[in-house]
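One file, coords30.cif, carrying mmCIF, C-alpha atoms:
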data_work
#
loop_
_atom_site.label_atom_id
_atom_site.label_comp_id
_atom_site.auth_asym_id
_atom_site.auth_seq_id
_atom_site.Cartn_x
_atom_site.Cartn_y
_atom_site.Cartn_z
CA MET A 1 70.31 -6.39 8.66
CA PRO A 2 67.25 -8.28 7.38
CA ALA A 3 66.27 -11.41 9.26
CA HIS A 4 66.28 -13.46 6.06
CA PRO A 5 68.32 -13.05 2.90
CA PRO A 6 66.32 -11.47 0.08
CA VAL A 7 64.88 -13.84 -2.53
CA PRO A 8 66.41 -13.23 -5.95
CA ALA A 9 64.03 -11.51 -8.33
CA ALA A 10 64.38 -14.24 -10.96
CA ALA A 11 63.52 -16.95 -8.43
CA SER A 12 60.50 -15.06 -7.07
CA ALA A 13 59.26 -14.42 -10.59
CA SER A 14 59.65 -18.08 -11.56
CA VAL A 15 57.31 -19.32 -8.81
CA PRO A 16 54.14 -17.66 -10.18
CA GLY A 17 55.21 -18.68 -13.67
CA LEU A 18 55.53 -22.29 -12.53
CA HIS A 19 52.10 -22.14 -10.91
CA ARG A 20 50.57 -20.72 -14.07
CA ARG A 21 52.12 -23.45 -16.20
CA ALA A 22 50.91 -26.13 -13.81
CA ALA A 23 47.39 -24.66 -13.76
CA SER A 24 47.41 -24.40 -17.55
CA ALA A 25 48.50 -28.02 -17.91
CA PHE A 26 45.83 -29.11 -15.42
CA ARG A 27 43.12 -27.28 -17.39
CA LEU A 28 44.38 -28.84 -20.61
CA VAL A 29 44.23 -32.32 -19.08
CA VAL A 30 40.79 -31.96 -17.48
CA ILE A 31 38.91 -29.62 -19.81
CA GLY A 32 40.69 -30.70 -22.97
CA GLY A 33 40.21 -34.36 -22.10
CA GLY A 34 36.51 -33.83 -21.43
CA LEU A 35 35.97 -31.94 -24.67
CA SER A 36 37.81 -34.53 -26.73
CA TYR A 37 35.76 -37.28 -25.09
CA ARG A 38 32.51 -35.59 -26.07
CA ALA A 39 33.74 -34.87 -29.59
CA LEU A 40 35.65 -38.03 -30.52
CA PHE A 41 34.12 -40.94 -28.61
CA ASN A 42 31.50 -42.57 -30.82
CA TRP A 43 29.43 -44.03 -27.96
CA THR A 44 28.59 -41.04 -25.77
CA THR A 45 24.82 -41.08 -26.45
CA PRO A 46 22.87 -43.08 -23.82
CA PRO A 47 21.61 -45.80 -26.22
CA MET A 48 25.11 -46.40 -27.64
CA PHE A 49 26.79 -46.25 -24.23
CA VAL A 50 24.35 -48.65 -22.58
CA GLY A 51 24.10 -51.03 -25.52
CA THR A 52 27.81 -51.17 -26.37
CA LEU A 53 29.58 -50.63 -23.06
CA LEU A 54 27.17 -52.15 -20.53
CA VAL A 55 24.97 -54.71 -22.28
CA GLY A 56 27.81 -55.98 -24.47
CA PRO A 57 30.16 -56.89 -21.58
CA LEU A 58 27.23 -58.37 -19.64
CA LEU A 59 26.35 -60.70 -22.53
CA GLN A 60 30.02 -61.58 -22.87
CA LEU A 61 30.12 -62.48 -19.18
CA LEU A 62 27.07 -64.73 -19.48
CA PHE A 63 28.40 -66.35 -22.65
CA PHE A 64 31.71 -67.39 -21.15
CA VAL A 65 30.20 -68.50 -17.84
CA PHE A 66 27.72 -70.85 -19.50
CA LEU A 67 30.28 -72.02 -22.05
CA GLY A 68 32.66 -72.77 -19.18
CA ARG A 69 29.97 -74.78 -17.42
CA GLN A 70 29.39 -76.81 -20.56
CA LEU A 71 33.09 -77.46 -21.24
CA GLN A 72 34.02 -77.78 -17.54
CA VAL A 73 37.33 -76.03 -18.10
CA ALA A 74 37.07 -73.81 -15.01
CA ASP A 75 34.51 -72.83 -12.41
CA ASP A 76 32.20 -69.81 -12.48
CA HIS A 77 34.51 -67.84 -10.20
CA PHE A 78 37.25 -67.93 -12.84
CA TYR A 79 35.05 -66.47 -15.59
CA LEU A 80 33.18 -63.99 -13.42
CA LEU A 81 36.30 -62.27 -12.12
CA GLY A 82 38.16 -62.49 -15.42
CA ASN A 83 35.33 -60.90 -17.38
CA ALA A 84 34.73 -58.24 -14.72
CA VAL A 85 38.32 -57.09 -15.29
CA VAL A 86 38.47 -57.43 -19.07
CA SER A 87 35.05 -55.82 -19.59
CA ALA A 88 36.77 -52.43 -19.36
CA SER A 89 38.79 -53.19 -22.48
CA THR A 90 36.07 -52.10 -24.92
CA ALA A 91 35.95 -48.55 -23.60
CA CYS A 92 39.68 -48.32 -22.93
CA VAL A 93 41.05 -49.84 -26.13
CA TYR A 94 38.60 -48.26 -28.55
CA GLY A 95 38.39 -45.05 -26.54
CA GLY A 96 42.15 -44.56 -26.53
CA THR A 97 42.20 -45.30 -30.24
CA MET A 98 39.38 -42.85 -31.00
CA ALA A 99 41.05 -40.14 -28.91
CA ILE A 100 43.77 -39.87 -31.56
CA ALA A 101 42.60 -41.63 -34.72
CA ASN A 102 39.29 -39.76 -34.88
CA GLU A 103 41.17 -36.46 -35.10
CA ARG A 104 42.41 -37.65 -38.47
CA ARG A 105 39.07 -39.15 -39.40
CA TYR A 106 37.16 -35.91 -38.74
CA GLY A 107 39.80 -33.65 -40.33
CA THR A 108 40.90 -31.86 -37.14
CA LEU A 109 44.33 -33.46 -36.78
CA GLY A 110 46.12 -30.57 -38.49
CA ALA A 111 44.81 -28.07 -35.94
CA VAL A 112 45.95 -30.32 -33.09
CA LEU A 113 49.45 -30.76 -34.49
CA LEU A 114 49.78 -27.00 -35.07
CA SER A 115 48.93 -26.30 -31.44
CA PRO A 116 51.87 -24.88 -29.43
CA ARG A 117 50.71 -26.64 -26.27
CA SER A 118 52.76 -29.36 -24.61
CA ARG A 119 52.01 -32.73 -26.12
CA ALA A 120 52.03 -34.77 -22.89
CA PRO A 121 48.95 -33.15 -21.26
CA LEU A 122 47.36 -32.68 -24.68
CA TRP A 123 47.34 -36.40 -25.47
CA PHE A 124 47.22 -38.06 -22.08
CA GLY A 125 44.43 -35.89 -20.74
CA ARG A 126 42.34 -37.65 -23.36
CA ALA A 127 42.94 -41.03 -21.72
CA LEU A 128 41.49 -40.04 -18.33
CA PRO A 129 37.79 -40.25 -19.34
CA TYR A 130 38.37 -43.78 -20.59
CA VAL A 131 40.00 -44.82 -17.32
CA LEU A 132 36.83 -43.70 -15.53
CA ASN A 133 34.68 -45.34 -18.20
CA GLY A 134 36.52 -48.62 -17.79
CA LEU A 135 36.20 -48.51 -14.00
CA VAL A 136 32.44 -47.89 -14.22
CA ILE A 137 31.98 -50.77 -16.67
CA SER A 138 34.03 -53.16 -14.53
CA VAL A 139 32.04 -52.25 -11.41
CA PHE A 140 28.78 -52.70 -13.32
CA THR A 141 29.86 -56.11 -14.65
CA LEU A 142 31.05 -57.22 -11.22
CA SER A 143 27.76 -56.10 -9.65
CA ALA A 144 25.81 -58.00 -12.31
CA ALA A 145 27.89 -61.10 -11.57
CA CYS A 146 26.96 -60.82 -7.89
CA LEU A 147 23.24 -60.23 -8.52
CA LEU A 148 22.65 -62.64 -11.40
CA LEU A 149 25.14 -65.44 -10.87
CA GLY A 150 25.71 -65.44 -7.13
CA LEU A 151 29.31 -64.23 -6.99
CA ARG A 152 30.33 -63.55 -3.38
CA ILE A 153 33.19 -61.20 -2.57
CA PRO A 154 34.47 -60.62 0.99
CA VAL A 155 33.76 -57.07 2.15
CA GLY A 156 37.37 -56.66 3.20
CA ALA A 157 38.50 -57.38 -0.36
CA LEU A 158 36.48 -54.54 -1.92
CA PRO A 159 39.06 -51.72 -1.47
CA GLY A 160 41.83 -53.86 -2.95
CA LEU A 161 39.56 -54.99 -5.76
CA ALA A 162 38.72 -51.37 -6.58
CA ALA A 163 42.45 -50.58 -6.77
CA VAL A 164 42.98 -53.54 -9.09
CA LEU A 165 40.16 -52.51 -11.41
CA LEU A 166 41.45 -48.93 -11.51
CA ALA A 167 44.98 -50.09 -12.34
CA ALA A 168 43.61 -52.38 -15.07
CA ALA A 169 41.57 -49.55 -16.63
CA ALA A 170 44.54 -47.18 -16.53
CA GLY A 171 46.90 -49.71 -18.12
CA CYS A 172 44.38 -50.62 -20.80
CA SER A 173 43.74 -46.94 -21.62
CA ALA A 174 47.48 -46.44 -22.11
CA PHE A 175 47.45 -49.50 -24.37
CA GLY A 176 44.59 -47.98 -26.38
CA LEU A 177 46.44 -44.68 -26.65
CA ALA A 178 49.48 -46.47 -28.07
CA LEU A 179 47.23 -48.16 -30.62
CA GLY A 180 45.62 -44.82 -31.42
CA ALA A 181 49.06 -43.36 -32.16
CA LEU A 182 49.23 -45.76 -35.09
CA GLY A 183 46.26 -43.83 -36.50
CA LEU A 184 48.68 -41.04 -37.40
CA ARG A 185 50.30 -43.39 -39.88
CA PHE A 186 47.86 -46.21 -40.78
CA ARG A 187 44.56 -45.58 -42.50
CA ASP A 188 42.46 -48.30 -40.78
CA VAL A 189 43.71 -48.35 -37.20
CA PHE A 190 40.42 -49.83 -35.94
CA LEU A 191 41.37 -53.12 -37.58
CA ILE A 192 44.36 -53.18 -35.22
CA SER A 193 42.08 -52.35 -32.29
CA ASN A 194 39.75 -55.22 -33.18
CA VAL A 195 42.66 -57.67 -33.21
CA ALA A 196 44.05 -56.25 -29.96
CA SER A 197 40.68 -56.48 -28.21
CA SER A 198 40.32 -60.13 -29.23
CA GLY A 199 43.87 -60.78 -28.08
CA LEU A 200 43.03 -59.48 -24.62
CA LEU A 201 40.19 -61.99 -24.34
CA LEU A 202 42.48 -64.87 -25.28
CA LEU A 203 45.92 -64.04 -23.87
CA THR A 204 45.27 -62.28 -20.55
CA GLY A 205 43.81 -65.34 -18.86
CA ALA A 206 40.40 -63.71 -18.51
CA ASN A 207 38.58 -66.57 -20.25
CA VAL A 208 41.28 -69.16 -21.02
CA PRO A 209 43.47 -70.53 -18.20
CA ARG A 210 46.96 -69.31 -18.99
CA GLU A 211 48.57 -72.59 -17.98
CA THR A 212 46.82 -74.27 -20.94
CA LEU A 213 48.32 -71.82 -23.45
CA PRO A 214 51.59 -72.36 -25.33
CA GLU A 215 54.67 -70.72 -23.87
CA TRP A 216 54.82 -67.95 -26.47
CA MET A 217 51.20 -67.00 -25.79
CA ARG A 218 51.89 -66.77 -22.07
CA ALA A 219 54.91 -64.57 -22.83
CA VAL A 220 52.75 -62.22 -24.91
CA GLY A 221 50.11 -62.16 -22.17
CA ASP A 222 52.72 -61.10 -19.62
CA VAL A 223 53.21 -57.78 -21.42
CA LEU A 224 49.52 -57.10 -22.06
CA PRO A 225 47.36 -55.00 -19.73
CA MET A 226 44.83 -56.77 -17.48
CA THR A 227 46.76 -60.05 -17.23
CA HIS A 228 48.10 -59.38 -13.74
CA ALA A 229 44.91 -57.59 -12.70
CA ALA A 230 42.76 -60.64 -13.52
CA GLU A 231 45.00 -62.92 -11.45
CA THR A 232 45.05 -60.50 -8.51
CA ALA A 233 41.25 -60.00 -8.63
CA ARG A 234 40.68 -63.76 -8.42
CA GLU A 235 43.00 -64.04 -5.44
CA LEU A 236 41.25 -61.18 -3.64
CA SER A 237 37.82 -62.64 -4.30
CA ALA A 238 38.99 -65.98 -2.94
CA GLY A 239 39.84 -64.32 0.38
CA ALA A 240 43.58 -63.84 -0.05
CA GLY A 241 45.13 -60.57 1.04
CA LEU A 242 46.07 -57.86 -1.39
CA ASP A 243 49.36 -58.66 -3.09
CA GLY A 244 50.88 -55.37 -4.19
CA ARG A 245 53.00 -57.13 -6.78
CA GLY A 246 49.99 -57.69 -9.03
CA ILE A 247 48.98 -54.02 -9.00
CA ALA A 248 52.61 -52.97 -9.41
CA ALA A 249 53.01 -55.25 -12.42
CA GLU A 250 49.84 -53.81 -13.94
CA LEU A 251 51.04 -50.25 -13.40
CA VAL A 252 54.48 -51.02 -14.84
CA THR A 253 52.83 -52.55 -17.91
CA GLY A 254 50.68 -49.44 -18.32
CA ALA A 255 53.72 -47.20 -17.91
CA GLY A 256 55.44 -49.13 -20.68
CA TYR A 257 52.56 -48.39 -23.03
CA VAL A 258 52.65 -44.72 -21.99
CA VAL A 259 56.29 -44.58 -23.08
CA LEU A 260 55.46 -46.42 -26.30
CA ALA A 261 52.63 -43.98 -27.04
CA VAL A 262 54.93 -40.99 -26.44
CA VAL A 263 57.58 -42.41 -28.78
CA LEU A 264 55.09 -43.24 -31.53
CA LEU A 265 53.32 -39.88 -31.32
CA THR A 266 56.64 -38.01 -31.41
CA VAL A 267 58.03 -39.99 -34.33
CA PHE A 268 54.85 -39.80 -36.41
CA GLU A 269 54.34 -36.08 -35.74
CA ARG A 270 57.90 -35.26 -36.77
CA GLY A 271 57.52 -37.41 -39.85
CA SER A 272 54.32 -35.61 -40.86
CA ARG A 273 55.96 -32.21 -40.39
CA ARG A 274 58.94 -33.30 -42.46
CA ARG A 275 56.74 -34.54 -45.29
CA ALA A 276 54.66 -31.35 -45.18
CA THR A 277 57.84 -29.28 -45.53
CA LEU A 278 58.99 -31.31 -48.51
CA ASP A 279 55.57 -30.91 -50.16
CA VAL A 280 55.76 -27.12 -49.77
CA MET A 281 59.26 -27.02 -51.22
#
For this file, write the structure as structure tokens.
Amino acid sequence: MPAHPPVPAAASASVPGLHRRAASAFRLVVIGGGLSYRALFNWTTPPMFVGTLLVGPLLQLLFFVFLGRQLQVADDHFYLLGNAVVSASTACVYGGTMAIANERRYGTLGAVLLSPRSRAPLWFGRALPYVLNGLVISVFTLSAACLLLGLRIPVGALPGLAAVLLAAAAGCSAFGLALGALGLRFRDVFLISNVASSGLLLLTGANVPRETLPEWMRAVGDVLPMTHAAETARELSAGAGLDGRGIAAELVTGAGYVVLAVVLLTVFERGSRRRATLDVM
């Protein structure tokens, strides 16, 4: 008698198949995401990247810090940490939008929709470069705040702060992807991105204390990315311990926008296929 019962042939055959599917999905996420970033992101050249994604947030940081000093609404610490978090929004919001809307703009959307590949890795692999972009921009802005404006952060708070910035960039990229899904239906989706980017500056508490906002604005801010990250970053910088609830809230918010993006992409793709069938008939 054999020491172990034989493994059914179907089960043994399914294991390599599962590994191949996982490896294929991983390649689609990593390689496909990198290729789409190079092809669809409008700011990949060094002058555009530095001028738009590094200099722009730095000037925004300086603007709100000096405006806050003049108006005496809050101290420098409030604006420095808030803008370090929200500085990632430019890359994440517009990047997520370009990752989908530019397929339509450049005439390659049809080839993407005809692809037999799974839609989840196809679309969400495109968000990963913008998560990394957002993290780099936030770290750069935070470093500039320390060097130029004297921000001091406890060394022990740095790991928690890195986790907060990463969660903020991930949630904001999911938000941008949901906005980009609207590009399958609306002609000028970048108008929506412009409004959304301005809304993040106002409603997340990055530059306006949330307690001074009307109740409905605070309610909207609660479901936007970066709101909880900005609050948690300020607490960490002030010497408080890492409160996992802030990161968890940020991740839950991002997960909500992932679900919204999936629903919108599915509905709009099915609608486009249905209309194409009717046109052929």
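Using all atoms listed in the file, the smallest distance between any of A:Thr90, A:Gln60, A:Thr253, A:Ser237 and Ile153 in chain A comes from A:Ser237.
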### the PyMOL selection byres ((chain A and resi 165) around 10) resolved against shown file, as a count of residues only
28
Do you know which residues the PyMOL selection byres ((chain A and resi 101) around 10) returns on this file, as a JSON list (two decimals) with C-alpha atoms, keeping the file's coordinate frame?
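Dumped everything to result05.json:
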[["chain", "number", "residue", "atom", "x", "y", "z"],
["A", 40, "LEU", "CA", 35.65, -38.03, -30.52],
["A", 94, "TYR", "CA", 38.60, -48.26, -28.55],
["A", 95, "GLY", "CA", 38.39, -45.05, -26.54],
["A", 96, "GLY", "CA", 42.15, -44.56, -26.53],
["A", 97, "THR", "CA", 42.20, -45.30, -30.24],
["A", 98, "MET", "CA", 39.38, -42.85, -31.00],
["A", 99, "ALA", "CA", 41.05, -40.14, -28.91],
["A", 100, "ILE", "CA", 43.77, -39.87, -31.56],
["A", 102, "ASN", "CA", 39.29, -39.76, -34.88],
["A", 103, "GLU", "CA", 41.17, -36.46, -35.10],
["A", 104, "ARG", "CA", 42.41, -37.65, -38.47],
["A", 105, "ARG", "CA", 39.07, -39.15, -39.40],
["A", 106, "TYR", "CA", 37.16, -35.91, -38.74],
["A", 109, "LEU", "CA", 44.33, -33.46, -36.78],
["A", 177, "LEU", "CA", 46.44, -44.68, -26.65],
["A", 179, "LEU", "CA", 47.23, -48.16, -30.62],
["A", 180, "GLY", "CA", 45.62, -44.82, -31.42],
["A", 181, "ALA", "CA", 49.06, -43.36, -32.16],
["A", 182, "LEU", "CA", 49.23, -45.76, -35.09],
["A", 183, "GLY", "CA", 46.26, -43.83, -36.50],
["A", 184, "LEU", "CA", 48.68, -41.04, -37.40],
["A", 185, "ARG", "CA", 50.30, -43.39, -39.88],
["A", 186, "PHE", "CA", 47.86, -46.21, -40.78],
["A", 187, "ARG", "CA", 44.56, -45.58, -42.50],
["A", 188, "ASP", "CA", 42.46, -48.30, -40.78],
["A", 189, "VAL", "CA", 43.71, -48.35, -37.20],
["A", 190, "PHE", "CA", 40.42, -49.83, -35.94]]
### Query
Applied to this file, what does the PyMOL selection byres ((chain A and resi 256-264) around 9) return in terms of residues, put as a count of residues only?
27
### Task
Just give me the gap between CA of Arg117 in chain A and CA of Gly33 in chain A in Å, one decimal is fine.
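Between these atoms lies a distance of 13.7 Å.
The two atoms in question, CA of Pro209 in chain A and CA of Ala74 in chain A, are spaced 7.9 Å apart.
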### Message
Taking (38.5, -32.5, -24.9) in the coordinates of the supplied file, I want to know which residues reach to within 12 Å of it, counting all atoms listed in the file; could you give the answer as a PyMOL selection string?
### Response
chain A and resi 27-41+99-100+103+112+121-129
### Task
Considering only C-alpha atoms, state which residue in the set A:Thr204, A:Ser173, A:Ser198, A:Thr141 is at the smallest distance from Leu80 in chain A.
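Selected residue with least distance to Leu80 in chain A: A:Thr141.
The two atoms in question, CA of Gln72 in chain A and CA of Leu224 in chain A, are spaced 26.2 Å apart.
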### Message
List the spatial neighbours of Gly156 in chain A as number ranges by chain - criterion: any atom at most 12 Å away, all atoms listed in the file, same-chain residues fewer than 6 positions off excluded.
### Response
A: 162, 236-242
Which residues of range 145-186 of chain A have any atom within 10 Å of an atom in range 62-68 of chain A when counting all atoms listed in the file, and what is the closest pair of atoms for each, with the distance in Å to one decimal? Order the rows by chain and rising number and write it as JSON lines.
{"residue": "A:Ala145", "atom": "CA", "partner": "A:Leu62", "partner_atom": "CA", "distance": 8.7}
{"residue": "A:Leu148", "atom": "CA", "partner": "A:Leu62", "partner_atom": "CA", "distance": 9.4}
{"residue": "A:Leu149", "atom": "CA", "partner": "A:Leu62", "partner_atom": "CA", "distance": 8.9}
### Query
Counting only C-alpha atoms, which of A:Ile192, A:Ala219, A:Val208, A:Leu202 gets nearest to Val73 in chain A?
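Ranked by minimum distance to Val73 in chain A, first place goes to A:Val208.
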